[in-house]
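Notes follow the structure.
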Amino acid sequence: MAEFRVEKRGAVEVWTIDGEARRNSISRAMLSELAGHVARVSAPGGTRVVVITGAGEQAFCAGADLKERAGMSPDEVRAFLDLLRKTFRAIELSDCVFIAAINGAALGGGTELALACDLRVGGSKGSMGLTEVKLGIIPGGGGTQRLSRLLGPGRAKELILTGRRINAAEALELGLVDRGGQLDAAVALGEEIAANAPIAVAAAKHAIDEGLSLGLDDALALEQVHYAKTLGTEDRLEGLKAFAEKRPPKFQGR
Ligand code: COA
């Protein structure tokens, strides 16, 4: 059985984690399918924007599938985490833009999945949190690193060391969620991004992500490198032509 429902909404692909009975938690089968979908859209000519959400109204993703985890050996857990880390990193390294539409609880790996996405849109329901220390482990899908980059070390430590769950309003106020809204709002945001020049959007995404770990001078040099990728493109010329002709541009991704 497919672990995701995949549908096209305009230029945006929506992936719904289809495991409502286990609150869309990350099983081995779900993770392996997620890895496959990420690889598919990251291939040249793949989908430009993906929105990830969860089935039902209770959860975006309740983290690791704890029932499955109870029967796994330490080696199996290590292998699972290895694929989890690689898959979340592949989301960041992809030219495709990923938006998490957080429709309910996003806990542990659910919050980490949202953190690996480029943007997070959250409804008014559900809680978020990196609750792993309450289970005797620490975030294993990049949560310690991505949350501290997003919110700063103080707020990240407060959330991770307490394992506290915060509600949707707090997540928005902290900046863990970028904007309030439901799936439709996430798709609309995706459409707005997908209307822009594909090579430019990907270059801007990577310039921001890669620059975060650099000093300002190196980061500005990096921006130049990514800018250069757009210079020889037909889309840059189309942007100028459309401006002169007072019409919307038609970008081809080349
Ligand atoms: N793994 C496997 N099954 C899970 C799960 C998880 N992470 N989270 C929830 N489920 C299952 C429950 O065991 C329950 O199954 P059952 O019907 O066989 O008893 C079913 O999903 C519904 O759970 P319930 O708690 O009744 O749903 P809810 O809508 O009231 O609450 C959550 C949803 C996500 C807030 C709540 O289930 C929860 O807190 N889950 C644990 C999250 C967690 O700690 N994740 C790991 C972080 S490291």
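Chain identifiers are assigned as A, B, and so on, following the order in which chains appear in the structure tokens; residues are numbered from 1 within each chain, and ligands are numbered from 1 in order of appearance.
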
Surrounding residues as a PyMOL selection string, ligand 1, max 6 Å, only C-alpha atoms and all ligand atoms: chain A and resi 21-23+25+58-59+62-67+105+107-108+131-132

So which residues of region 4-250 of chain A fall under helix (DSSP H, G or I) by DSSP, listed as a ChimeraX atom specification? /A:20-22,28-42,66-69,74-93,109-116,132-135,143-151,153-162,168-174,183-194,198-211,216-231,234-244

Excluding same-chain residues fewer than 6 positions from Gly211 (chain A), what lies within 8 Å of it counting only C-alpha atoms, as a ChimeraX atom specification? /A:218-220,222-223

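Here the DSSP assignment of strand (DSSP E), based on backbone atoms, applies within region 121-241 of chain A to A:Val121, A:Gly122, A:Ser127, A:Met128, A:Gly129, A:Ile166, A:Asn167, A:Arg179, A:Gly180.
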
For region 142-212 of chain A versus region 75-92 of chain A, which residues have an atom no more than 12 Å away, and what is each residue's nearest atom pair and distance in Å rounded to one decimal, using only C-alpha atoms, chain-then-number order, as JSON lines?
```
{"residue": "A:Gly142", "atom": "CA", "partner": "A:Arg85", "partner_atom": "CA", "distance": 6.7}
{"residue": "A:Gly143", "atom": "CA", "partner": "A:Arg85", "partner_atom": "CA", "distance": 10.0}
{"residue": "A:Gln145", "atom": "CA", "partner": "A:Arg85", "partner_atom": "CA", "distance": 11.7}
{"residue": "A:Arg146", "atom": "CA", "partner": "A:Arg89", "partner_atom": "CA", "distance": 10.7}
{"residue": "A:Ala202", "atom": "CA", "partner": "A:Glu92", "partner_atom": "CA", "distance": 10.6}
{"residue": "A:Lys205", "atom": "CA", "partner": "A:Glu92", "partner_atom": "CA", "distance": 8.8}
{"residue": "A:His206", "atom": "CA", "partner": "A:Glu92", "partner_atom": "CA", "distance": 8.3}
{"residue": "A:Ala207", "atom": "CA", "partner": "A:Glu92", "partner_atom": "CA", "distance": 11.7}
{"residue": "A:Ile208", "atom": "CA", "partner": "A:Glu92", "partner_atom": "CA", "distance": 11.0}
{"residue": "A:Asp209", "atom": "CA", "partner": "A:Glu92", "partner_atom": "CA", "distance": 8.0}
{"residue": "A:Glu210", "atom": "CA", "partner": "A:Glu92", "partner_atom": "CA", "distance": 10.0}
```

For CA of Lys134 (chain A) and CA of Ala70 (chain A), determine how far apart the two atoms are, in Å to one decimal place. 15.5 Å

Wanna dump the region 115-191 of chain A-region 93-99 of chain A contacts at 10 Å for me, each residue with its shortest atom pair and the distance in Å to one decimal, counting only C-alpha atoms, ordered by chain and number, as CSV?
```
residue,atom,partner,partner_atom,distance
A:Leu115,CA,A:Ile99,CA,9.8
A:Ala116,CA,A:Phe98,CA,8.4
A:Cys117,CA,A:Phe98,CA,5.0
A:Asp118,CA,A:Phe98,CA,5.3
A:Leu119,CA,A:Ile99,CA,4.8
A:Arg120,CA,A:Ile99,CA,5.7
A:Val121,CA,A:Ile99,CA,7.2
A:Leu183,CA,A:Ile99,CA,9.9
A:Ala186,CA,A:Ile99,CA,6.8
A:Val187,CA,A:Ile99,CA,8.5
A:Leu189,CA,A:Ile99,CA,8.5
A:Gly190,CA,A:Ile99,CA,7.3
```

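Distance check against Ser213 (chain A) using only C-alpha atoms: of A:Leu150, A:Leu231, A:Leu240, A:Val49, the minimum falls on A:Leu150.
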
Point out the residue among A:Lys8, A:Arg247, A:Lys241, A:Arg69 with the least atom-to-atom distance to Arg48 (chain A), counting only C-alpha atoms. A:Lys8

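Of the residues listed (A:Ala156, A:Ala11, A:Ala204, A:Ile26), A:Ala204 shows the shortest atom-to-atom separation from Val225 (chain A); distances use only C-alpha atoms.
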
What is the distance, in Å and to one decimal place, between CA of Ser127 (chain A) and CA of Ser32 (chain A)? 25.6 Å

When you count only C-alpha atoms, which of these residues is closest to Glu192 (chain A): A:Ala221, A:Met1, A:Gly10, A:Leu113?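 Between A:Ala221, A:Met1, A:Gly10, A:Leu113, the residue approaching Glu192 (chain A) most closely is A:Gly10.
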
One-decimal distance in Å that lies between CA of Glu112 (chain A) and CA of Glu33 (chain A):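 Atom-to-atom, CA of Glu33 (chain A) to CA of Glu112 (chain A), that is 17.2 Å.
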
Polymer residues at most 9 Å from Lys157 (chain A), only C-alpha atoms, same-chain spacing of 4 or more positions, as a ChimeraX atom specification: /A:144,147-148,152-153,161-162

Can you tell me, as a ChimeraX atom specification, what residues are no more than 8 Å from Arg164 (chain A) when counting only C-alpha atoms, ignoring any on the same chain fewer than 2 positions away? /A:129-131,159-160,162,166
